[in-house]
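Peer 1: One structure, as structure tokens, below. Some questions next.
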Amino acid sequence: MAFSSLTTAAPNVNPNKSFEVTPSPSDSISSLSFSSKANHLVATSWDNQVRCWEILPGGSSQAKAAISHDQPVLCSTWKDDGTTVFSGGCDKQVKMWPLLSGGQPSTVAMHDAPVKDVAWISQMNLLVSGSWDKTLRYWDTRQAQPVHVQQLPERCYALTVNYPLMVVGTADRNLIVYNLQNPQTEFKRIQSPLKYQTRCLAAFPDQQGFLVGSIEGRVGVHHLDDSQQSKNFTFKCHREGNTSTEIYSVNSLNFHPVHHTFATAGSDGAFNFWDKDSKQRLKAFSRCPSPIPCSTFNADGSIFAYAVCYDWSKGAENHNPATAKSYIYLHSTQESEVKGKPRVGAGRK
């Protein structure tokens with residue numbers, strides 16, 4: 001017997017046979033954002049970098065450009081015209097990078113603590129940033145001072161915008177809903193339907209509600225209208241074993257831009273596609289050997305991008321610098337995976 005057959009086989013880092021984006025960041029990846037105008041993908045990472053690739057037909061990728069922050073970068077978003085990227089992080093600022101014109105990045109937002117999430121609100125021509133300093137700040141990128149500062153009850157962990165709906169998740173399981181036509185007033189404050197810390201949010205495509213994901217392998221589907229509360233439900237996901245003894249965080253929620261089904265990605269290294277209306281999982285993918293901290297669909301939903309890397313959820317003792325590598329993968333979506341379908345056996349409603 002050959003000695004090599006006795007050694008444990010290395011885990012398959014790409015069990016779903018996805019396309020790999022290269023070169024990959026040198027540290028864990030914190031966010032992925034696609035331009036709405038072209039297949040330009042931006043990734044932010046803990047190595048202080050913001051990188052952009054062009055995704056070419058056939059799944060290959062070409063590195064376009066990169067910029068640096070002074071500290072780890074936590075979040076990113078594109079301006080709606082597809083020319084400009086915003087990135088925020090531990091240096092307490094948001095940089096605006098006119099990437100396609102080759103311009104230099106400039107600081108357009110400042111906070112008193114790390115910036116956890118950002119969104120561009122095209123209807124208002126404003127940037128909104130959420131921070132661990134317990135504020136939301138709205139910015140006209142031509143002005144040094146924020147247009148408005150909104151106090152939050154706690155640190156911002158996640159935010160989602162689908163105008164006029166914005167939902168902000170903070171520490172202590174607060175979910176604050178805003179109608180952006182009147183952004184200075186809270187529309188509604190909700191205690192999360194999930195019992196554990198909020199990790200991610202996604203506004204419904206029809207703006208009638210939102211998804212919330214928690215660190216305890218669970219997703220809540222929540223409608224805003226008081227008459228629709230009977231439609232609210234939660235479900236378990238990203239768990240291992242028959243008794244769900246191993247429970248992992250749900251790190252990312254993304255609605256498909258065409259079919260309005262959604263993806264979840266988790267620290268178990270798996271991603272799944274779901275249909276909230278028929279309450280079923282459309283497709284379960286094979287688990288990667290490391291967590292998936294972030295994911296996103298491209299503008300037409302033909303590509304699902306996801307990062308695979310250590311997320312420090314099991315502390316430093318589970319981090320091996322020799323084997324720790326960060327990957328960005330592209331899954332080419334099939335219509336059968338992302339198109340909603342009625343539940344088998346469900347009668348006509």
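Just so we're on the same page: first chain in the structure tokens is A, next is B, and so on; residues restart at 1 for each chain, and ligands are numbered from 1 in the order they show up.
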Skipping near chain neighbours, those fewer than 2 positions away, what residues fall within 12 Å of Lys314 in chain A using only C-alpha atoms, listed as a list in words?

Peer 2: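 The neighbour list is Tyr248, Ser249, Ser267, Asp268, Ser290, Pro291, Tyr310, Asp311, Trp312, Ala316, Glu317, Asn318, His319 and Asn320 of chain A.
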
Peer 1: Could the residues in this selection be saved with all heavy atoms as a tab-separated table (two decimals), in the first residue's frame?

Peer 2:
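See part_24.tsv below for the written result:
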chain	number	residue	atom	x	y	z
A	248	TYR	N	-24.54	27.03	12.95
A	248	TYR	CA	-23.65	28.02	12.34
A	248	TYR	C	-24.39	29.31	12.03
A	248	TYR	O	-25.61	29.31	11.85
A	248	TYR	CB	-23.05	27.45	11.06
A	248	TYR	CG	-22.18	26.24	11.27
A	248	TYR	CD1	-22.72	24.96	11.28
A	248	TYR	CD2	-20.81	26.38	11.48
A	248	TYR	CE1	-21.93	23.84	11.46
A	248	TYR	CE2	-20.00	25.26	11.67
A	248	TYR	CZ	-20.57	24.00	11.66
A	248	TYR	OH	-19.78	22.90	11.86
A	249	SER	N	-23.64	30.37	11.92
A	249	SER	CA	-24.21	31.67	11.61
A	249	SER	C	-24.68	31.74	10.16
A	249	SER	O	-24.03	31.20	9.26
A	249	SER	CB	-23.15	32.74	11.86
A	249	SER	OG	-23.61	34.00	11.43
A	267	SER	N	-21.66	30.04	7.95
A	267	SER	CA	-20.34	29.64	8.47
A	267	SER	C	-20.12	28.13	8.43
A	267	SER	O	-19.03	27.67	8.76
A	267	SER	CB	-20.15	30.17	9.89
A	267	SER	OG	-19.97	31.57	9.88
A	268	ASP	N	-21.15	27.38	8.02
A	268	ASP	CA	-20.94	25.95	7.78
A	268	ASP	C	-20.29	25.70	6.42
A	268	ASP	O	-20.01	24.56	6.08
A	268	ASP	CB	-22.27	25.20	7.88
A	268	ASP	CG	-23.31	25.70	6.88
A	268	ASP	OD1	-23.14	26.81	6.35
A	268	ASP	OD2	-24.29	24.97	6.64
A	290	SER	N	-14.48	25.76	4.46
A	290	SER	CA	-14.38	26.95	5.32
A	290	SER	C	-15.69	27.73	5.22
A	290	SER	O	-16.48	27.52	4.31
A	290	SER	CB	-13.21	27.85	4.87
A	290	SER	OG	-11.98	27.20	5.09
A	291	PRO	N	-15.89	28.66	6.17
A	291	PRO	CA	-17.13	29.45	6.16
A	291	PRO	C	-17.29	30.30	4.90
A	291	PRO	O	-16.32	30.63	4.22
A	291	PRO	CB	-16.98	30.36	7.39
A	291	PRO	CG	-16.05	29.62	8.29
A	291	PRO	CD	-15.09	28.92	7.38
A	310	TYR	N	-11.72	31.66	6.39
A	310	TYR	CA	-11.98	31.59	7.82
A	310	TYR	C	-12.61	32.90	8.29
A	310	TYR	O	-12.20	33.98	7.87
A	310	TYR	CB	-10.68	31.31	8.59
A	310	TYR	CG	-10.92	31.04	10.06
A	310	TYR	CD1	-11.90	30.12	10.45
A	310	TYR	CD2	-10.22	31.71	11.05
A	310	TYR	CE1	-12.15	29.86	11.79
A	310	TYR	CE2	-10.45	31.45	12.40
A	310	TYR	CZ	-11.42	30.54	12.76
A	310	TYR	OH	-11.67	30.29	14.08
A	311	ASP	N	-13.62	32.78	9.16
A	311	ASP	CA	-14.32	33.98	9.64
A	311	ASP	C	-14.08	34.23	11.13
A	311	ASP	O	-14.75	35.07	11.72
A	311	ASP	CB	-15.82	33.86	9.36
A	311	ASP	CG	-16.46	32.70	10.12
A	311	ASP	OD1	-15.74	31.92	10.76
A	311	ASP	OD2	-17.71	32.58	10.07
A	312	TRP	N	-13.16	33.48	11.73
A	312	TRP	CA	-12.79	33.65	13.14
A	312	TRP	C	-13.93	33.30	14.09
A	312	TRP	O	-13.88	33.61	15.27
A	312	TRP	CB	-12.25	35.08	13.41
A	312	TRP	CG	-11.00	35.33	12.63
A	312	TRP	CD1	-10.93	35.75	11.34
A	312	TRP	CD2	-9.66	35.09	13.05
A	312	TRP	NE1	-9.62	35.80	10.93
A	312	TRP	CE2	-8.81	35.42	11.96
A	312	TRP	CE3	-9.07	34.65	14.24
A	312	TRP	CZ2	-7.43	35.31	12.01
A	312	TRP	CZ3	-7.70	34.55	14.30
A	312	TRP	CH2	-6.89	34.88	13.20
A	316	ALA	N	-8.98	32.19	17.53
A	316	ALA	CA	-7.62	32.10	16.97
A	316	ALA	C	-7.09	30.67	16.95
A	316	ALA	O	-6.29	30.31	16.09
A	316	ALA	CB	-6.68	33.00	17.78
A	317	GLU	N	-7.55	29.86	17.90
A	317	GLU	CA	-7.00	28.49	17.97
A	317	GLU	C	-7.38	27.66	16.76
A	317	GLU	O	-6.75	26.64	16.47
A	317	GLU	CB	-7.43	27.79	19.27
A	317	GLU	CG	-8.93	27.62	19.45
A	317	GLU	CD	-9.58	28.81	20.14
A	317	GLU	OE1	-9.03	29.93	20.11
A	317	GLU	OE2	-10.67	28.62	20.70
A	318	ASN	N	-8.42	28.08	16.02
A	318	ASN	CA	-8.81	27.36	14.81
A	318	ASN	C	-8.28	28.02	13.54
A	318	ASN	O	-8.70	27.68	12.44
A	318	ASN	CB	-10.33	27.23	14.74
A	318	ASN	CG	-10.83	26.06	15.56
A	318	ASN	OD1	-10.93	24.94	15.06
A	318	ASN	ND2	-11.10	26.32	16.82
A	319	HIS	N	-7.37	28.99	13.71
A	319	HIS	CA	-6.79	29.66	12.55
A	319	HIS	C	-5.38	29.12	12.33
A	319	HIS	O	-4.52	29.23	13.19
A	319	HIS	CB	-6.72	31.17	12.78
A	319	HIS	CG	-6.02	31.91	11.67
A	319	HIS	ND1	-6.52	31.97	10.40
A	319	HIS	CD2	-4.87	32.62	11.66
A	319	HIS	CE1	-5.69	32.68	9.64
A	319	HIS	NE2	-4.69	33.08	10.38
A	320	ASN	N	-5.18	28.51	11.17
A	320	ASN	CA	-3.86	28.01	10.81
A	320	ASN	C	-3.33	28.84	9.65
A	320	ASN	O	-3.76	28.67	8.52
A	320	ASN	CB	-3.95	26.53	10.42
A	320	ASN	CG	-2.59	25.96	10.03
A	320	ASN	OD1	-1.61	26.71	9.94
A	320	ASN	ND2	-2.53	24.67	9.80

Peer 1: Residues within 12 Å of Arg343 in chain A, please, as a PDB file with C-alpha atoms, in the first residue's frame. Count only C-alpha atoms; anything in the same chain fewer than 5 positions from it doesn't count.

Peer 2:
ATOM      1  CA  TRP A 274     -34.905  29.282  -1.232  1.00  0.00           C
ATOM      2  CA  ASP A 275     -38.425  30.350  -2.189  1.00  0.00           C
ATOM      3  CA  LYS A 276     -40.130  32.198   0.675  1.00  0.00           C
ATOM      4  CA  ASP A 277     -43.554  32.149  -0.985  1.00  0.00           C
ATOM      5  CA  SER A 278     -43.769  28.362  -1.275  1.00  0.00           C
ATOM      6  CA  LYS A 279     -41.621  27.951   1.871  1.00  0.00           C
ATOM      7  CA  GLN A 280     -39.185  25.509   0.331  1.00  0.00           C
ATOM      8  CA  ARG A 281     -35.518  25.069  -0.434  1.00  0.00           C
ATOM      9  CA  LEU A 282     -34.918  25.094  -4.174  1.00  0.00           C
ATOM     10  CA  ARG A 348     -54.736  26.338  -5.750  1.00  0.00           C
ATOM     11  CA  LYS A 349     -54.958  29.233  -3.353  1.00  0.00           C
TER      12      LYS A 349
END

Peer 1: Would you mind listing what lies within 12 Å of Lys236 in chain A as a ChimeraX atom specification, with only C-alpha atoms counted and same-chain residues fewer than 3 positions away left out?

Peer 2: /A:194,213-221,233,239-240,243-244,246-250,264,266,279-281

Peer 1: Which one of A:Val167, A:Cys90, A:Ala109, A:Ala322 sits closest to Gln143 in chain A if you count only C-alpha atoms?

Peer 2: A:Ala109

Peer 1: What lies within 10 Å of range 47-63 of chain A using only C-alpha atoms, ignoring chain neighbours under 4 positions off, as an MDAnalysis selection string?

Peer 2: chainID A and resid 18:29 31:34 38:43 67:76 85:91 97 99 303 329:332

Peer 1: Write out as a PyMOL selection string all residues of range 169-339 of chain A that DSSP puts in helix (DSSP H, G or I) for this structure's backbone.

Peer 2: chain A and resi 171-173+226-231+316-318+335-338

Peer 1: Could you please take those selected residues and save C-alpha atoms as a JSON list (two decimals), in the first residue's frame?

Peer 2:
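What follows is the written file part_7.json:
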[["chain", "number", "residue", "atom", "x", "y", "z"],
["A", 171, "ALA", "CA", -27.01, 45.01, 18.78],
["A", 172, "ASP", "CA", -29.67, 43.90, 21.30],
["A", 173, "ARG", "CA", -31.76, 42.49, 18.41],
["A", 226, "ASP", "CA", -50.06, 44.61, 10.35],
["A", 227, "SER", "CA", -52.61, 42.65, 8.32],
["A", 228, "GLN", "CA", -49.86, 40.36, 6.94],
["A", 229, "GLN", "CA", -48.39, 39.21, 10.27],
["A", 230, "SER", "CA", -49.87, 35.72, 9.86],
["A", 231, "LYS", "CA", -47.49, 35.26, 6.90],
["A", 316, "ALA", "CA", -7.62, 32.10, 16.97],
["A", 317, "GLU", "CA", -7.00, 28.49, 17.97],
["A", 318, "ASN", "CA", -8.81, 27.36, 14.81],
["A", 335, "GLU", "CA", -33.02, 28.65, -13.91],
["A", 336, "SER", "CA", -34.20, 25.48, -12.15],
["A", 337, "GLU", "CA", -32.20, 26.52, -9.05],
["A", 338, "VAL", "CA", -33.47, 30.08, -8.77]]

Peer 1: Could you tell me which of A:Gln123, A:Phe285, A:Met96, A:Gly102 comes closest to Lys64 in chain A if we count only C-alpha atoms?

Peer 2: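 Selected residue with least distance to Lys64 in chain A: A:Gly102.
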
Peer 1: Which residue out of A:Pro11, A:Ser36, A:Ala158, A:Lys79 has the minimum interatomic distance to Thr323 in chain A when only C-alpha atoms are used?

Peer 2: A:Pro11

Peer 1: For Val177 in chain A, which residue among A:Pro105, A:Pro114, A:Gly209, A:Gly241 is the nearest when counting only C-alpha atoms?

Peer 2: A:Gly209

Peer 1: Grab the CA of Asn182 in chain A to CA of Leu253 in chain A distance for me, in Å with one decimal place.

Peer 2: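 About the pair CA of Asn182 in chain A and CA of Leu253 in chain A: they are 26.0 Å apart.
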
Peer 1: Excluding Asn179 in chain A and its own-chain neighbours fewer than 3 positions away, which residues fall within 6 Å of it when counting only C-alpha atoms? Please give them as a PDB file with N, CA, C and O atoms, in the first residue's frame.

Peer 2:
ATOM      1  N   PRO A 164     -38.638  52.756  -1.056  1.00  0.00           N
ATOM      2  CA  PRO A 164     -38.353  53.632   0.088  1.00  0.00           C
ATOM      3  C   PRO A 164     -38.104  52.910   1.414  1.00  0.00           C
ATOM      4  O   PRO A 164     -38.057  53.534   2.459  1.00  0.00           O
ATOM      5  N   LEU A 165     -37.945  51.575   1.352  1.00  0.00           N
ATOM      6  CA  LEU A 165     -37.744  50.807   2.585  1.00  0.00           C
ATOM      7  C   LEU A 165     -36.269  50.718   2.953  1.00  0.00           C
ATOM      8  O   LEU A 165     -35.430  50.423   2.095  1.00  0.00           O
ATOM      9  N   ASN A 182     -39.281  59.827   4.544  1.00  0.00           N
ATOM     10  CA  ASN A 182     -39.254  60.598   5.787  1.00  0.00           C
ATOM     11  C   ASN A 182     -38.169  59.999   6.692  1.00  0.00           C
ATOM     12  O   ASN A 182     -38.458  59.410   7.738  1.00  0.00           O
ATOM     13  N   PRO A 183     -36.894  60.143   6.270  1.00  0.00           N
ATOM     14  CA  PRO A 183     -35.817  59.360   6.908  1.00  0.00           C
ATOM     15  C   PRO A 183     -35.471  59.779   8.335  1.00  0.00           C
ATOM     16  O   PRO A 183     -34.770  59.049   9.030  1.00  0.00           O
ATOM     17  N   PHE A 187     -39.936  54.574  11.254  1.00  0.00           N
ATOM     18  CA  PHE A 187     -41.265  54.113  10.836  1.00  0.00           C
ATOM     19  C   PHE A 187     -41.784  53.065  11.816  1.00  0.00           C
ATOM     20  O   PHE A 187     -42.946  53.060  12.196  1.00  0.00           O
TER      21      PHE A 187
END

Peer 1: Please, what distance in Å, to one decimal, runs between CA of Gln197 in chain A and CA of Leu159 in chain A?

Peer 2: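 Straight-line distance from CA of Gln197 in chain A to CA of Leu159 in chain A works out to 14.0 Å.
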
Peer 1: According to DSSP computed on the backbone, where in range 21-270 of chain A is there strand (DSSP E or B)? Give the residues as a count of residues only.

Peer 2: 132

Peer 1: Closest to Trp78 in chain A among A:Ser30, A:Ser192, A:Asn12, A:Asn298, using only C-alpha atoms?

Peer 2: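 Distance minimum relative to Trp78 in chain A lands on A:Asn298.
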
Peer 1: Could you tell me how far CA of Val13 in chain A sits from CA of Lys325 in chain A, in Å to one decimal place?

Peer 2: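 These atoms are spaced 9.9 Å apart.
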
Peer 1: Can you work out which one of A:Tyr157, A:Val94, A:Glu186, A:Lys341 has the shortest atom-to-atom distance to Ala144 in chain A, counting only C-alpha atoms?

Peer 2: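 Closest candidate: A:Val94.
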